[in-house]
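Undergrad: One structure, pasted below without further comment.
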Amino acid sequence: MEKDTLSVNTAIEKRDEISELLYPLLASTYALYLKTQHCHWNVVGPQFYSFHLLFQSQYEELAEAIDEMAERIRALGSFPEGSFDTFSKASFIPEADKPLSAMEMIQALLEGHEALIQYMRKHLPFIEGEGDGATADFLNKRLVIHEKTAWTLRSTIL
Ligand SMILES: [Fe+2]
């Protein structure tokens, strides 16, 4: 990632490393946003309308998180790239390789949220240890939301 040329004096020594950790999370959150919107468009079945609305509320929430995460990377002094190409290379969310049934969509989205949760839990100790409480607070708030969304999706599986 490109870095700010102006100095960033915010008392976080490893802010570049923290940005590098946030970028795959940004790309993966974007991938899950797109996947959720795709499910909103294409879900079929007797529960169409409730799933259609559920997926909409989830992708709208993810869109806000993406914006906040990219802006956190800017506050840390890096420039997050935003092309489909760079996102698809950095994302750890797998692409669907076939059309999915409604239950397969729920399962795929659940796995996506759990992958984001696992990544955040893995890297939070480093971020906290470097004294970046602002990023840690943001990620802890994301964890609450992703775990609630995962529970919602899990509870939908028959
Ligand atoms: Fe829509």
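Note on naming: chains are A, B, ... as they come in the structure tokens, residues start from 1 per chain, ligands start from 1 in the order shown.
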Give me, as a tab-separated table, each residue of chain A that comes within 8 Å of ligand 1, together with its shortest interatomic pair and the distance in Å at one decimal, counting only C-alpha atoms and all ligand atoms, with rows ordered by chain and rising residue number.
TA:
```
residue	atom	partner	partner_atom_place_in_ligand_line	distance
A:Gln37	CA	ligand 1	1 (Fe)	7.9
A:His40	CA	ligand 1	1 (Fe)	6.7
A:Trp41	CA	ligand 1	1 (Fe)	6.6
A:His52	CA	ligand 1	1 (Fe)	7.7
A:Gln56	CA	ligand 1	1 (Fe)	6.6
```
Undergrad: Using N, CA and C atoms, can you export the residues from the last selection as a JSON list (two decimals), in the first residue's frame?
TA:
```json
[["chain", "number", "residue", "atom", "x", "y", "z"],
["A", 37, "GLN", "N", -24.99, -9.24, -1.26],
["A", 37, "GLN", "CA", -25.88, -8.54, -2.20],
["A", 37, "GLN", "C", -26.31, -9.48, -3.33],
["A", 40, "HIS", "N", -29.03, -11.51, -2.05],
["A", 40, "HIS", "CA", -30.25, -10.67, -2.01],
["A", 40, "HIS", "C", -30.94, -10.66, -3.37],
["A", 41, "TRP", "N", -30.15, -10.57, -4.43],
["A", 41, "TRP", "CA", -30.73, -10.53, -5.78],
["A", 41, "TRP", "C", -31.30, -11.88, -6.19],
["A", 52, "HIS", "N", -34.60, -12.11, 1.28],
["A", 52, "HIS", "CA", -34.28, -10.93, 0.47],
["A", 52, "HIS", "C", -34.06, -9.71, 1.39],
["A", 56, "GLN", "N", -30.48, -7.84, 2.57],
["A", 56, "GLN", "CA", -30.31, -6.40, 2.35],
["A", 56, "GLN", "C", -29.81, -5.71, 3.62]]
```
Undergrad: If we count only C-alpha atoms, what is near stretch 6-8 of chain A at a cut-off of 12 Å, once residues fewer than 4 positions away on the same chain are taken out, given as a PyMOL selection string?
TA: chain A and resi 12-16+74-78
Undergrad: Could you pull out all residues of chain A with a DSSP call of strand (DSSP E or B) and give them as a VMD selection string?
TA: chain A and resid 2 to 3 78 to 79
Undergrad: Given the selection you just returned, output its residues as a file containing N, CA and C atoms, formatted as a PDB file, in the first residue's frame.
TA:
```pdb
ATOM      1  N   GLU A   2       0.424   2.258  -0.722  1.00  0.00           N
ATOM      2  CA  GLU A   2       1.105   3.564  -0.680  1.00  0.00           C
ATOM      3  C   GLU A   2       0.941   4.181   0.710  1.00  0.00           C
ATOM      4  N   LYS A   3       1.965   4.977   1.111  1.00  0.00           N
ATOM      5  CA  LYS A   3       1.903   5.625   2.431  1.00  0.00           C
ATOM      6  C   LYS A   3       1.800   7.137   2.254  1.00  0.00           C
ATOM      7  N   SER A  78      -1.943   5.097   5.509  1.00  0.00           N
ATOM      8  CA  SER A  78      -1.796   4.341   4.253  1.00  0.00           C
ATOM      9  C   SER A  78      -2.982   4.633   3.331  1.00  0.00           C
ATOM     10  N   PHE A  79      -2.774   4.346   2.052  1.00  0.00           N
ATOM     11  CA  PHE A  79      -3.819   4.530   1.043  1.00  0.00           C
ATOM     12  C   PHE A  79      -4.372   3.158   0.643  1.00  0.00           C
TER      13      PHE A  79
END
```
Undergrad: At a cut-off of 9 Å, using only C-alpha atoms, what residues contact A:Leu116? Leave out same-chain residues fewer than 2 positions from it and give the result as a list in words.
TA: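 Listed by chain and then number, they are Leu25, Ser28, Thr29, Phe92, Ile93, Glu111, Gly112, His113, Glu114, Gln118, Tyr119, Met120, Arg121, Leu143 and His146 of chain A.
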Undergrad: Please provide the set of residues having any atom within 9 Å of stretch 123-126 of chain A, restricted to only C-alpha atoms, with same-chain residues fewer than 2 positions apart removed, written as an MDAnalysis selection string.
TA: chainID A and resid 18 21 118:121 128:131 135:136 139:140
Undergrad: Which residues are near stretch 64-67 of chain A? Cut-off 8 Å, only C-alpha atoms, ignore same chain within fewer than 2 positions. Put them as a list in words.
TA: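 In the requested form, the answer reads Leu26, Thr29, Tyr30, Glu60, Glu61, Leu62, Met69, Ala70, Glu71 and Arg142 of chain A.
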Undergrad: Point out the residue among A:Asp132, A:Lys89, A:Leu110, A:Glu68 with the least atom-to-atom distance to A:Glu147, counting only C-alpha atoms.
TA: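 Ranked by minimum distance to A:Glu147, first place goes to A:Leu110.
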